[in-house]
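What follows is coords-v4.tsv (TSV, C-alpha atoms).
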```
chain	number	residue	atom	x	y	z
A	1	MET	CA	54.09	-39.87	62.86
A	2	GLY	CA	52.89	-43.06	64.53
A	3	PRO	CA	54.32	-46.57	64.31
A	4	HIS	CA	55.41	-47.98	60.96
A	5	TRP	CA	53.39	-50.97	59.76
A	6	LEU	CA	54.54	-51.20	56.16
A	7	VAL	CA	57.80	-52.55	54.78
A	8	MET	CA	58.52	-49.74	52.35
A	9	ASP	CA	60.94	-48.85	49.57
A	10	ALA	CA	60.75	-45.17	48.67
A	11	ALA	CA	62.59	-43.81	45.64
A	12	ASP	CA	64.96	-40.98	46.48
A	13	GLU	CA	68.30	-39.93	45.02
A	14	ALA	CA	70.03	-40.21	48.39
A	15	SER	CA	69.40	-43.95	48.62
A	16	SER	CA	69.81	-44.90	44.94
A	17	PRO	CA	70.81	-43.28	41.63
A	18	PHE	CA	68.09	-45.27	39.87
A	19	ARG	CA	64.32	-45.40	39.64
A	20	THR	CA	62.02	-48.04	38.16
A	21	ARG	CA	59.56	-47.25	35.38
A	22	ILE	CA	56.85	-49.38	33.86
A	23	ALA	CA	57.88	-49.80	30.23
A	24	ALA	CA	54.72	-51.68	29.23
A	25	ALA	CA	51.88	-53.87	30.43
A	26	GLY	CA	50.40	-56.86	28.65
A	27	ARG	CA	47.34	-59.00	29.19
A	28	CYS	CA	45.52	-62.01	27.81
A	29	LEU	CA	41.78	-62.41	28.28
A	30	PRO	CA	39.99	-65.61	27.21
A	31	LYS	CA	37.41	-65.08	24.48
A	32	THR	CA	34.50	-66.75	26.30
A	33	ARG	CA	32.24	-64.42	28.26
A	34	LEU	CA	30.30	-66.09	31.06
A	35	THR	CA	27.53	-63.87	32.36
A	36	THR	CA	26.52	-63.91	35.99
A	37	SER	CA	23.03	-65.03	35.07
A	38	GLU	CA	24.48	-67.97	33.10
A	39	LEU	CA	26.70	-68.96	36.00
A	40	MET	CA	23.88	-68.76	38.54
A	41	SER	CA	21.66	-70.87	36.28
A	42	GLU	CA	24.23	-73.67	36.70
A	43	THR	CA	23.91	-73.84	40.50
A	44	ARG	CA	22.72	-77.20	41.71
A	45	HIS	CA	20.45	-75.69	44.37
A	46	ASN	CA	17.83	-72.97	43.99
A	47	THR	CA	19.74	-70.19	45.77
A	48	HIS	CA	17.61	-67.08	45.05
A	49	ILE	CA	20.88	-65.10	45.10
A	50	ASP	CA	21.03	-61.95	42.94
A	51	LEU	CA	24.80	-62.09	42.51
A	52	GLU	CA	24.94	-59.32	39.92
A	53	ARG	CA	23.20	-56.90	42.29
A	54	LEU	CA	25.45	-57.93	45.19
A	55	THR	CA	28.73	-57.61	43.32
A	56	GLY	CA	28.13	-55.47	40.24
A	57	ILE	CA	29.63	-58.25	38.09
A	58	ARG	CA	27.78	-58.70	34.79
A	59	GLU	CA	30.21	-61.16	33.26
A	60	ARG	CA	33.69	-62.59	33.47
A	61	ARG	CA	36.12	-64.13	30.96
A	62	VAL	CA	36.70	-67.87	31.34
A	63	SER	CA	38.85	-70.46	29.66
A	64	LEU	CA	36.99	-73.54	28.49
A	65	GLY	CA	40.22	-75.51	28.52
A	66	GLU	CA	41.93	-73.84	25.58
A	67	ASP	CA	44.09	-71.82	28.00
A	68	ASP	CA	45.64	-72.54	31.38
A	69	SER	CA	47.90	-70.64	33.78
A	70	TYR	CA	50.95	-71.20	31.60
A	71	SER	CA	49.42	-70.17	28.26
A	72	LEU	CA	47.66	-67.11	29.75
A	73	ALA	CA	50.92	-65.92	31.34
A	74	THR	CA	52.95	-66.59	28.18
A	75	LYS	CA	50.52	-64.75	25.90
A	76	ALA	CA	50.42	-61.78	28.29
A	77	ALA	CA	54.23	-61.70	28.44
A	78	LEU	CA	54.48	-61.67	24.63
A	79	ASP	CA	51.86	-58.92	24.45
A	80	CYS	CA	53.88	-56.92	26.99
A	81	LEU	CA	57.11	-57.24	25.00
A	82	GLU	CA	55.34	-56.20	21.82
A	83	LYS	CA	53.84	-53.14	23.50
A	84	ALA	CA	57.23	-52.17	24.95
A	85	ASP	CA	59.08	-52.86	21.68
A	86	ARG	CA	61.73	-54.71	23.68
A	87	SER	CA	63.46	-57.98	22.86
A	88	ALA	CA	63.03	-60.99	25.12
A	89	ASP	CA	66.79	-61.44	25.43
A	90	SER	CA	67.03	-58.02	27.14
A	91	VAL	CA	64.93	-59.30	30.05
A	92	GLU	CA	67.26	-60.21	32.91
A	93	VAL	CA	64.74	-61.68	35.34
A	94	VAL	CA	61.24	-63.18	35.06
A	95	ILE	CA	59.11	-63.45	38.20
A	96	ASN	CA	55.90	-65.48	38.08
A	97	CYS	CA	53.35	-64.53	40.72
A	98	SER	CA	50.24	-66.58	39.99
A	99	ILE	CA	48.16	-68.46	42.54
A	100	THR	CA	47.31	-71.12	39.96
A	101	LYS	CA	50.14	-72.94	38.22
A	102	PHE	CA	48.13	-75.15	35.89
A	103	HIS	CA	49.85	-76.44	32.77
A	104	GLY	CA	48.03	-78.90	30.55
A	105	GLY	CA	44.88	-79.32	32.62
A	106	LEU	CA	44.20	-78.94	36.33
A	107	THR	CA	47.52	-80.24	37.60
A	108	GLN	CA	49.33	-77.69	39.78
A	109	TYR	CA	53.04	-77.66	38.90
A	110	LEU	CA	55.66	-76.41	41.37
A	111	GLU	CA	58.75	-77.75	39.57
A	112	PRO	CA	59.94	-76.77	37.09
A	113	THR	CA	58.82	-73.28	38.03
A	114	MET	CA	56.20	-71.48	35.98
A	115	SER	CA	58.60	-68.55	35.64
A	116	SER	CA	61.22	-70.72	33.92
A	117	ASP	CA	58.63	-72.18	31.53
A	118	VAL	CA	57.33	-68.72	30.61
A	119	ALA	CA	60.85	-67.30	30.20
A	120	HIS	CA	61.79	-70.08	27.80
A	121	ALA	CA	58.53	-69.73	25.88
A	122	ILE	CA	59.05	-66.00	25.22
A	123	GLY	CA	62.74	-66.35	24.38
A	124	ALA	CA	64.27	-64.97	27.61
A	125	ARG	CA	66.44	-68.04	27.95
A	126	ASP	CA	69.24	-66.39	29.93
A	127	ALA	CA	66.93	-64.66	32.42
A	128	MET	CA	67.01	-65.47	36.11
A	129	THR	CA	63.64	-66.97	37.09
A	130	PHE	CA	61.71	-67.61	40.27
A	131	ASP	CA	58.11	-67.80	41.49
A	132	ILE	CA	56.43	-65.76	44.23
A	133	SER	CA	53.14	-66.79	45.80
A	134	ASN	CA	51.25	-64.14	47.75
A	135	ALA	CA	47.58	-64.75	46.94
A	136	CYS	CA	45.90	-61.93	45.01
A	137	ALA	CA	48.73	-59.56	45.97
A	138	GLY	CA	51.19	-61.70	44.01
A	139	MET	CA	51.94	-59.44	41.05
A	140	LEU	CA	52.32	-56.30	43.13
A	141	THR	CA	54.60	-58.22	45.49
A	142	GLY	CA	56.69	-59.18	42.48
A	143	VAL	CA	56.76	-55.53	41.42
A	144	MET	CA	58.04	-54.52	44.85
A	145	VAL	CA	60.83	-57.11	44.74
A	146	LEU	CA	61.89	-56.24	41.19
A	147	ASN	CA	61.68	-52.51	41.92
A	148	THR	CA	64.16	-52.99	44.78
A	149	TRP	CA	66.55	-54.97	42.57
A	150	ILE	CA	66.43	-52.36	39.82
A	151	ARG	CA	66.95	-49.45	42.20
A	152	GLN	CA	69.91	-51.25	43.76
A	153	GLY	CA	71.47	-51.64	40.32
A	154	LEU	CA	71.28	-55.45	40.32
A	155	VAL	CA	69.30	-55.64	37.07
A	156	ALA	CA	68.28	-53.14	34.40
A	157	ARG	CA	65.10	-54.78	33.11
A	158	GLY	CA	62.76	-57.51	34.30
A	159	MET	CA	59.26	-58.88	33.94
A	160	VAL	CA	56.56	-59.69	36.47
A	161	VAL	CA	54.00	-62.11	35.04
A	162	SER	CA	50.97	-64.12	36.11
A	163	GLY	CA	48.41	-66.43	34.55
A	164	GLU	CA	45.29	-67.13	36.56
A	165	TYR	CA	43.19	-70.07	35.35
A	166	ILE	CA	40.99	-69.82	38.41
A	167	SER	CA	37.39	-69.88	37.20
A	168	GLN	CA	37.10	-73.59	38.01
A	169	LEU	CA	36.65	-72.50	41.64
A	170	GLY	CA	33.39	-70.91	40.55
A	171	GLN	CA	32.29	-74.02	38.69
A	172	ASN	CA	32.94	-76.07	41.82
A	173	ALA	CA	31.18	-73.57	44.07
A	174	ALA	CA	28.07	-73.66	41.87
A	175	LYS	CA	27.58	-77.29	42.88
A	176	HIS	CA	27.50	-76.54	46.60
A	177	ILE	CA	26.16	-73.03	47.27
A	178	ARG	CA	22.74	-72.86	48.91
A	179	THR	CA	22.44	-69.37	50.45
A	180	VAL	CA	24.00	-65.91	50.30
A	181	LEU	CA	25.88	-66.74	53.50
A	182	SER	CA	27.83	-69.56	51.84
A	183	LYS	CA	31.60	-69.26	52.27
A	184	GLU	CA	32.01	-70.23	48.61
A	185	LEU	CA	30.07	-67.21	47.35
A	186	ALA	CA	33.26	-65.27	46.52
A	187	SER	CA	34.31	-68.10	44.19
A	188	LEU	CA	31.46	-67.12	41.87
A	189	THR	CA	33.12	-63.74	41.22
A	190	LEU	CA	36.28	-65.18	39.67
A	191	GLY	CA	37.46	-64.86	36.09
A	192	ASP	CA	40.53	-65.95	34.13
A	193	ALA	CA	43.30	-63.69	32.81
A	194	GLY	CA	47.00	-63.40	32.12
A	195	ALA	CA	49.00	-60.26	32.87
A	196	ALA	CA	52.58	-59.02	32.59
A	197	LEU	CA	54.51	-55.88	33.53
A	198	LEU	CA	57.89	-54.94	32.10
A	199	LEU	CA	59.95	-52.84	34.51
A	200	GLU	CA	63.19	-51.08	33.62
A	201	ARG	CA	65.80	-48.77	35.07
A	202	VAL	CA	65.79	-44.99	34.59
A	203	PRO	CA	67.86	-42.28	36.30
A	204	ALA	CA	66.61	-41.07	39.69
A	205	GLY	CA	64.21	-38.18	39.33
A	206	GLY	CA	62.45	-39.65	36.32
A	207	SER	CA	58.87	-40.87	36.21
A	208	GLY	CA	58.19	-44.27	37.67
A	209	ILE	CA	57.61	-46.02	40.98
A	210	THR	CA	57.97	-43.56	43.83
A	211	LEU	CA	57.04	-45.85	46.71
A	212	ALA	CA	56.13	-49.47	47.38
A	213	GLY	CA	54.95	-50.73	50.75
A	214	PHE	CA	53.48	-54.01	52.02
A	215	THR	CA	52.36	-55.54	55.27
A	216	THR	CA	50.62	-58.72	56.44
A	217	ILE	CA	48.01	-58.64	59.19
A	218	ALA	CA	48.09	-62.31	60.14
A	219	ASP	CA	45.14	-62.07	62.55
A	220	TYR	CA	42.96	-62.51	59.46
A	221	SER	CA	44.90	-65.34	57.81
A	222	ARG	CA	42.10	-67.90	58.16
A	223	LEU	CA	39.42	-65.80	56.47
A	224	CYS	CA	40.15	-67.08	52.96
A	225	LEU	CA	41.48	-70.57	52.28
A	226	ALA	CA	41.60	-72.67	49.12
A	227	TYR	CA	42.48	-76.34	48.86
A	228	PRO	CA	41.45	-79.57	47.12
A	229	LYS	CA	38.30	-81.05	48.62
A	230	GLY	CA	36.26	-84.12	47.75
A	231	ARG	CA	35.98	-85.16	44.13
A	232	ASP	CA	35.78	-81.67	42.64
A	233	PRO	CA	38.52	-80.93	40.08
A	234	GLY	CA	41.17	-78.39	41.01
A	235	ALA	CA	40.25	-76.83	44.34
A	236	ARG	CA	37.53	-75.11	46.35
A	237	MET	CA	37.79	-71.75	48.10
A	238	PHE	CA	36.16	-70.80	51.40
A	239	THR	CA	35.96	-67.10	52.26
A	240	ASP	CA	34.40	-65.03	55.02
A	241	SER	CA	33.84	-62.13	52.63
A	242	ARG	CA	32.19	-59.81	55.12
A	243	ALA	CA	34.97	-60.23	57.69
A	244	ILE	CA	37.69	-59.62	55.09
A	245	HIS	CA	35.88	-56.52	53.85
A	246	ARG	CA	35.61	-55.16	57.39
A	247	ALA	CA	39.29	-55.86	58.04
A	248	ALA	CA	40.34	-54.15	54.80
A	249	ILE	CA	38.20	-51.08	55.45
A	250	THR	CA	39.53	-50.80	59.00
A	251	ASN	CA	43.22	-51.16	58.18
A	252	THR	CA	43.73	-49.69	54.70
A	253	PRO	CA	43.23	-46.01	55.67
A	254	VAL	CA	45.87	-46.34	58.40
A	255	LEU	CA	48.37	-47.81	55.95
A	256	LEU	CA	47.53	-45.35	53.19
A	257	ARG	CA	48.16	-42.47	55.60
A	258	GLU	CA	51.61	-43.93	56.30
A	259	VAL	CA	52.31	-44.09	52.56
A	260	LEU	CA	51.14	-40.52	51.97
A	261	ASP	CA	53.20	-39.19	54.89
A	262	THR	CA	56.30	-40.99	53.64
A	263	ALA	CA	55.79	-39.77	50.08
A	264	GLY	CA	55.02	-36.24	51.29
A	265	ILE	CA	51.75	-35.97	49.38
A	266	SER	CA	48.02	-35.71	50.11
A	267	ILE	CA	45.27	-38.04	48.93
A	268	ASP	CA	44.11	-35.44	46.41
A	269	ASP	CA	47.56	-35.63	44.78
A	270	ILE	CA	46.65	-39.14	43.62
A	271	ASP	CA	44.97	-39.08	40.21
A	272	HIS	CA	43.88	-42.72	39.84
A	273	VAL	CA	43.30	-45.55	42.29
A	274	ILE	CA	43.34	-49.15	41.11
A	275	THR	CA	42.46	-51.47	43.96
A	276	HIS	CA	42.00	-55.22	43.95
A	277	GLN	CA	38.83	-55.98	41.99
A	278	THR	CA	36.60	-57.99	44.33
A	279	SER	CA	33.23	-56.36	43.68
A	280	ALA	CA	32.06	-52.96	42.48
A	281	ARG	CA	30.04	-52.51	45.64
A	282	ALA	CA	33.03	-53.21	47.92
A	283	ILE	CA	35.31	-50.86	45.97
A	284	LYS	CA	32.83	-47.98	46.13
A	285	LYS	CA	32.21	-48.47	49.83
A	286	GLY	CA	35.92	-48.67	50.58
A	287	MET	CA	36.62	-45.44	48.71
A	288	ALA	CA	33.76	-43.70	50.52
A	289	VAL	CA	35.26	-44.73	53.87
A	290	MET	CA	38.67	-43.39	52.82
A	291	ALA	CA	37.16	-40.10	51.67
A	292	ALA	CA	35.49	-39.71	55.06
A	293	GLU	CA	38.72	-40.62	56.86
A	294	PHE	CA	40.91	-38.16	54.93
A	295	GLY	CA	38.32	-35.44	54.33
A	296	ASP	CA	39.21	-35.54	50.64
A	297	HIS	CA	39.57	-38.02	47.80
A	298	PRO	CA	41.67	-38.83	44.71
A	299	ARG	CA	41.01	-36.75	41.61
A	300	HIS	CA	39.14	-39.55	39.82
A	301	ASP	CA	36.78	-42.27	40.97
A	302	ALA	CA	38.37	-45.63	41.68
A	303	VAL	CA	38.85	-47.78	38.59
A	304	ILE	CA	36.30	-50.59	38.30
A	305	THR	CA	36.76	-53.42	35.81
A	306	VAL	CA	35.33	-56.24	37.93
A	307	ASP	CA	31.93	-55.63	36.33
A	308	ARG	CA	33.14	-57.07	33.00
A	309	TYR	CA	36.13	-59.24	33.90
A	310	GLY	CA	35.33	-60.50	37.39
A	311	ASN	CA	37.98	-60.96	40.05
A	312	THR	CA	41.03	-62.22	38.16
A	313	ALA	CA	43.10	-62.71	41.32
A	314	SER	CA	46.73	-61.54	41.09
A	315	THR	CA	46.24	-60.08	37.60
A	316	THR	CA	43.47	-57.58	38.43
A	317	HIS	CA	45.63	-54.45	38.78
A	318	THR	CA	47.42	-54.96	35.47
A	319	VAL	CA	44.20	-55.82	33.63
A	320	ALA	CA	42.65	-52.60	34.99
A	321	LEU	CA	45.73	-50.46	34.26
A	322	ILE	CA	45.70	-51.52	30.62
A	323	GLU	CA	41.97	-50.83	30.43
A	324	GLU	CA	42.55	-47.25	31.62
A	325	LEU	CA	45.50	-46.70	29.29
A	326	GLU	CA	43.62	-48.01	26.26
A	327	ALA	CA	40.61	-45.85	27.14
A	328	ARG	CA	42.92	-42.80	27.28
A	329	ARG	CA	41.91	-41.99	30.82
A	330	ILE	CA	45.48	-41.71	32.13
A	331	GLU	CA	47.64	-38.72	31.19
A	332	PRO	CA	51.44	-38.44	31.29
A	333	GLY	CA	52.66	-37.24	34.66
A	334	GLU	CA	49.64	-38.50	36.58
A	335	THR	CA	50.03	-40.47	39.80
A	336	VAL	CA	48.46	-43.92	40.08
A	337	ALA	CA	48.01	-45.81	43.34
A	338	LEU	CA	47.85	-49.59	43.03
A	339	ILE	CA	46.33	-51.06	46.19
A	340	ALA	CA	46.63	-54.78	46.90
A	341	LEU	CA	44.12	-56.41	49.24
A	342	ALA	CA	44.59	-60.14	49.52
A	343	SER	CA	43.97	-63.04	51.83
A	344	GLY	CA	46.57	-63.11	54.53
A	345	LEU	CA	45.45	-60.32	55.17
A	346	GLU	CA	47.95	-58.77	52.81
A	347	ILE	CA	47.79	-55.03	52.10
A	348	GLY	CA	50.18	-53.37	49.68
A	349	ILE	CA	50.35	-49.94	48.09
A	350	ILE	CA	52.45	-48.92	45.09
A	351	LEU	CA	52.62	-45.29	43.96
A	352	LEU	CA	53.83	-44.60	40.44
A	353	THR	CA	53.97	-41.71	38.02
A	354	VAL	CA	53.11	-42.59	34.44
A	355	ASP	CA	55.41	-41.21	31.75
A	356	GLU	CA	54.59	-40.07	28.23
A	357	ASP	CA	56.25	-43.02	26.54
A	358	LEU	CA	54.04	-45.53	28.35
A	359	VAL	CA	50.88	-43.57	27.61
A	360	LYS	CA	51.71	-43.28	23.89
A	361	ARG	CA	52.15	-47.04	23.58
A	362	TYR	CA	48.42	-47.44	24.23
A	363	GLY	CA	47.24	-44.98	21.61
A	364	ASN	CA	47.22	-41.84	23.75
A	365	ASP	CA	49.04	-38.98	22.07
A	366	HIS	CA	48.35	-36.20	24.63
```
As structure tokens, how would this structure be written, given the file I've shared?
Amino acid sequence: MGPHWLVMDAADEASSPFRTRIAAAGRCLPKTRLTTSELMSETRHNTHIDLERLTGIRERRVSLGEDDSYSLATKAALDCLEKADRSADSVEVVINCSITKFHGGLTQYLEPTMSSDVAHAIGARDAMTFDISNACAGMLTGVMVLNTWIRQGLVARGMVVSGEYISQLGQNAAKHIRTVLSKELASLTLGDAGAALLLERVPAGGSGITLAGFTTIADYSRLCLAYPKGRDPGARMFTDSRAIHRAAITNTPVLLREVLDTAGISIDDIDHVITHQTSARAIKKGMAVMAAEFGDHPRHDAVITVDRYGNTASTTHTVALIEELEARRIEPGETVALIALASGLEIGIILLTVDEDLVKRYGNDH
């Protein structure tokens, strides 16, 4: 085996008597649907851009001000607890992983932490709280941290949560975009969502997270930047989408091979792949490249939810996982690969086996 690029935590009985399972997942999607054609009709300049054809995104959910990062995260956390049938006071740690930390408008709050506000709102008043910021890889980064804590026996149950009130980047971009080469084009793909995952301890050998690995390829750190600019509310985001896509396609197969070798499985042992939801076109192309690289492919096509929810930043994997569970497309015992691709360039891969209890909580009685 070649050099190791990923920081990995693999579940095995020799290193820990515990494993981490996903007890439930929760989400909150704003009610308003903004179609791509509606969004493009709001552009200040006549762009002639067929965004729906380029990205496969028909619509996205957006808050019109009734929800912000805090309320989306809180509602998702409550949904998660209800699905899990667990009490809030049993949650020992709450980790918030959102990019946006808006509470009561477009003011970004760093203190008090969003995690402490959410924990108090759901009733987990004794829980340890802290925030993690890792762009669109935020929630999966939180999962990796909490998985390590649970496997080490430090906590028995915790929650990873995020609320992304991020669609204002698209509203700002619509004022400035002129051509398909604009570095604000990716901002038009964004949608709002809240998401939460409840993780808990089970004995080693049970179903749950089998491996989590992350790396940062800092050569690409300048390819996606967001910051306040001019008089636009919130922020603006500038992305070299083509360069990021090339970097992801080049590096992800190398890192996935490292994960598969460590886990002792082949790519066709993976049943479902949920990657970061940037565009349907990018996801399909990326999976085609991986199939060519490995000479095989996962048992099912990659999950695509970006067509109806847009890119919801750090919440995309959880939103998509719930979609698949509710649609009864995931069976007990199947292996799911969650692949994070985020500005940084951050690449993370989490392998997990879904158990019967989780599947049944979403109406699947197989």
Set out as a Markdown table a contact list for range 187-261 of chain A and range 306-329 of chain A with a cut-off of 8 Å, giving each residue of range 187-261 of chain A that qualifies its closest atom pair and distance in Å to one decimal, counting only C-alpha atoms, ordered by chain and rising residue number.
```
| residue | atom | partner | partner_atom | distance |
| --- | --- | --- | --- | --- |
| A:Thr189 | CA | A:Gly310 | CA | 5.5 |
| A:Leu190 | CA | A:Asn311 | CA | 4.6 |
| A:Gly191 | CA | A:Thr312 | CA | 4.9 |
| A:Asp192 | CA | A:Thr312 | CA | 5.5 |
| A:Ala193 | CA | A:Thr312 | CA | 6.0 |
| A:Gly194 | CA | A:Thr315 | CA | 6.5 |
| A:Ala195 | CA | A:Thr315 | CA | 5.5 |
| A:Ala196 | CA | A:Thr318 | CA | 7.2 |
| A:Leu197 | CA | A:Thr318 | CA | 7.4 |
```
Dump as JSON lines the rows for residues of range 52-158 of chain A within 9 Å of range 16-21 of chain A: closest atom pair and distance in Å with one decimal, only C-alpha atoms counted, ordered by chain and rising residue number.
```
{"residue": "A:Leu146", "atom": "CA", "partner": "A:Thr20", "partner_atom": "CA", "distance": 8.7}
{"residue": "A:Asn147", "atom": "CA", "partner": "A:Thr20", "partner_atom": "CA", "distance": 5.9}
{"residue": "A:Thr148", "atom": "CA", "partner": "A:Thr20", "partner_atom": "CA", "distance": 8.5}
{"residue": "A:Ile150", "atom": "CA", "partner": "A:Thr20", "partner_atom": "CA", "distance": 6.4}
{"residue": "A:Arg151", "atom": "CA", "partner": "A:Phe18", "partner_atom": "CA", "distance": 4.9}
{"residue": "A:Gln152", "atom": "CA", "partner": "A:Ser16", "partner_atom": "CA", "distance": 6.5}
{"residue": "A:Gly153", "atom": "CA", "partner": "A:Phe18", "partner_atom": "CA", "distance": 7.2}
{"residue": "A:Ala156", "atom": "CA", "partner": "A:Thr20", "partner_atom": "CA", "distance": 8.9}
{"residue": "A:Arg157", "atom": "CA", "partner": "A:Thr20", "partner_atom": "CA", "distance": 9.0}
```
Q.
Please compute the CA of Ile249 in chain A-CA of Asp296 in chain A distance, one decimal, in Å.
A.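 According to the coordinates, CA of Ile249 in chain A and CA of Asp296 in chain A are separated by 16.3 Å.
Distances from A:Asn172, A:Thr129, A:Thr100, A:Asn251 to Pro112 in chain A were compared using all atoms listed in the file, and the smallest one belongs to A:Thr129.
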Q: Just the residues within 8 Å of Gly333 in chain A, please, counting all atoms listed in the file, with nothing from its chain fewer than 4 positions along; format it as an MDAnalysis selection string.
A: chainID A and resid 207 353:356
